[in-house]
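Take a look at the structure below.
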Amino acid sequence: MVTATERDEMTWYRCDACGLLLSDQTDAEQHEEHCDAEDPSYLQ
Ligand SMILES: [Zn+2]
């Protein structure tokens, strides 16, 4: 999932699967849909 986090007085959106930080929520959500770093244990 995508988590909003504040850093340097900006809001960033972090992909929980791989830790990538994006400055745009839409970009983050689109990334997450295609992220291949999902933890297999999460699906169990
Ligand atoms: Zn990711």
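Going by the structure tokens order, chains are called A, B, ..., each with residues numbered from 1, while ligands are numbered from 1 in the order shown.
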
| field | Residues near range 7-15 of chain A, cut-off 9 Å, only C-alpha atoms, skip fewer than 4 positions along chain, as a ChimeraX atom specification | value | /A:1-3,19-25,27-29,31-32,35

Can I get the selection written as a PDB file, in the first residue's frame, with C-alpha atoms?
ATOM      1  CA  MET A   1       0.000   0.000   0.000  1.00  0.00           C
ATOM      2  CA  VAL A   2       0.974   3.651  -0.313  1.00  0.00           C
ATOM      3  CA  THR A   3       1.713   5.613   2.865  1.00  0.00           C
ATOM      4  CA  GLY A  19      10.167   1.723  -0.085  1.00  0.00           C
ATOM      5  CA  LEU A  20      10.140   3.998  -3.107  1.00  0.00           C
ATOM      6  CA  LEU A  21       9.220   7.605  -2.340  1.00  0.00           C
ATOM      7  CA  LEU A  22       7.210   9.602  -4.838  1.00  0.00           C
ATOM      8  CA  SER A  23       6.081  13.215  -4.561  1.00  0.00           C
ATOM      9  CA  ASP A  24       2.798  12.610  -6.357  1.00  0.00           C
ATOM     10  CA  GLN A  25       0.058  10.415  -4.899  1.00  0.00           C
ATOM     11  CA  ASP A  27       2.256   8.373  -9.415  1.00  0.00           C
ATOM     12  CA  ALA A  28       2.674   6.382  -6.219  1.00  0.00           C
ATOM     13  CA  GLU A  29      -0.595   4.543  -6.679  1.00  0.00           C
ATOM     14  CA  HIS A  31       3.681   2.546  -9.250  1.00  0.00           C
ATOM     15  CA  GLU A  32       2.181   0.329  -6.584  1.00  0.00           C
ATOM     16  CA  CYS A  35       5.370  -2.842  -8.265  1.00  0.00           C
TER      17      CYS A  35
END

| task | Based on DSSP run over this structure's backbone, return all residues of chain A in helix (DSSP H, G or I), as a list in words. | result |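 DSSP-assigned helix (DSSP H, G or I) residues in chain A: Gln25, Thr26, Asp27, Ala28, Glu29, Gln30, His31, Glu32, Glu33, His34, Pro40, Ser41, Tyr42 and Leu43 of chain A.
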
Please write the residues from the selection above to a file, keeping C-alpha atoms, as a PDB file, in the first residue's frame.
ATOM      1  CA  GLN A  25       0.058  10.415  -4.899  1.00  0.00           C
ATOM      2  CA  THR A  26      -1.242   9.368  -8.306  1.00  0.00           C
ATOM      3  CA  ASP A  27       2.256   8.373  -9.415  1.00  0.00           C
ATOM      4  CA  ALA A  28       2.674   6.382  -6.219  1.00  0.00           C
ATOM      5  CA  GLU A  29      -0.595   4.543  -6.679  1.00  0.00           C
ATOM      6  CA  GLN A  30       0.249   3.750 -10.285  1.00  0.00           C
ATOM      7  CA  HIS A  31       3.681   2.546  -9.250  1.00  0.00           C
ATOM      8  CA  GLU A  32       2.181   0.329  -6.584  1.00  0.00           C
ATOM      9  CA  GLU A  33      -0.123  -1.328  -9.110  1.00  0.00           C
ATOM     10  CA  HIS A  34       2.912  -2.382 -11.111  1.00  0.00           C
ATOM     11  CA  PRO A  40       5.141 -12.987  -0.704  1.00  0.00           C
ATOM     12  CA  SER A  41       4.238 -13.442   2.966  1.00  0.00           C
ATOM     13  CA  TYR A  42       1.777 -10.579   2.615  1.00  0.00           C
ATOM     14  CA  LEU A  43      -0.382 -12.717   0.336  1.00  0.00           C
TER      15      LEU A  43
END

| said: I'd like to know which residues of chain A are strand (DSSP E) (by DSSP, run on the backbone); could you write them as a list in words? | reply: Val2, Thr3, Ala4, Thr5, Glu6, Arg7, Met10, Thr11, Trp12, Tyr13, Arg14, Cys15, Leu21 and Leu22 of chain A

Writing out the chosen residues with N, CA and C atoms as a JSON list (two decimals), in the first residue's frame:
[["chain", "number", "residue", "atom", "x", "y", "z"],
["A", 2, "VAL", "N", 0.25, 2.38, -0.26],
["A", 2, "VAL", "CA", 0.97, 3.65, -0.31],
["A", 2, "VAL", "C", 0.73, 4.41, 0.99],
["A", 3, "THR", "N", 1.82, 4.88, 1.62],
["A", 3, "THR", "CA", 1.71, 5.61, 2.87],
["A", 3, "THR", "C", 2.20, 7.05, 2.66],
["A", 4, "ALA", "N", 1.39, 8.01, 3.07],
["A", 4, "ALA", "CA", 1.81, 9.41, 2.99],
["A", 4, "ALA", "C", 2.73, 9.73, 4.15],
["A", 5, "THR", "N", 3.82, 10.43, 3.85],
["A", 5, "THR", "CA", 4.78, 10.78, 4.89],
["A", 5, "THR", "C", 5.30, 12.19, 4.63],
["A", 6, "GLU", "N", 5.54, 12.96, 5.68],
["A", 6, "GLU", "CA", 6.05, 14.32, 5.50],
["A", 6, "GLU", "C", 7.56, 14.34, 5.68],
["A", 7, "ARG", "N", 8.21, 14.99, 4.75],
["A", 7, "ARG", "CA", 9.67, 15.12, 4.82],
["A", 7, "ARG", "C", 10.04, 16.41, 4.10],
["A", 10, "MET", "N", 7.42, 18.63, 2.78],
["A", 10, "MET", "CA", 6.63, 18.17, 1.64],
["A", 10, "MET", "C", 5.97, 16.85, 2.02],
["A", 11, "THR", "N", 4.87, 16.55, 1.36],
["A", 11, "THR", "CA", 4.25, 15.25, 1.56],
["A", 11, "THR", "C", 4.72, 14.30, 0.47],
["A", 12, "TRP", "N", 5.22, 13.16, 0.91],
["A", 12, "TRP", "CA", 5.70, 12.14, -0.02],
["A", 12, "TRP", "C", 4.82, 10.91, 0.13],
["A", 13, "TYR", "N", 4.82, 10.11, -0.89],
["A", 13, "TYR", "CA", 4.00, 8.90, -0.89],
["A", 13, "TYR", "C", 4.93, 7.70, -1.07],
["A", 14, "ARG", "N", 4.90, 6.85, -0.08],
["A", 14, "ARG", "CA", 5.87, 5.76, -0.03],
["A", 14, "ARG", "C", 5.20, 4.44, -0.36],
["A", 15, "CYS", "N", 5.81, 3.70, -1.29],
["A", 15, "CYS", "CA", 5.36, 2.35, -1.61],
["A", 15, "CYS", "C", 5.86, 1.43, -0.50],
["A", 21, "LEU", "N", 9.92, 6.37, -2.69],
["A", 21, "LEU", "CA", 9.22, 7.60, -2.34],
["A", 21, "LEU", "C", 8.90, 8.38, -3.61],
["A", 22, "LEU", "N", 7.64, 8.79, -3.70],
["A", 22, "LEU", "CA", 7.21, 9.60, -4.84],
["A", 22, "LEU", "C", 6.51, 10.84, -4.31]]
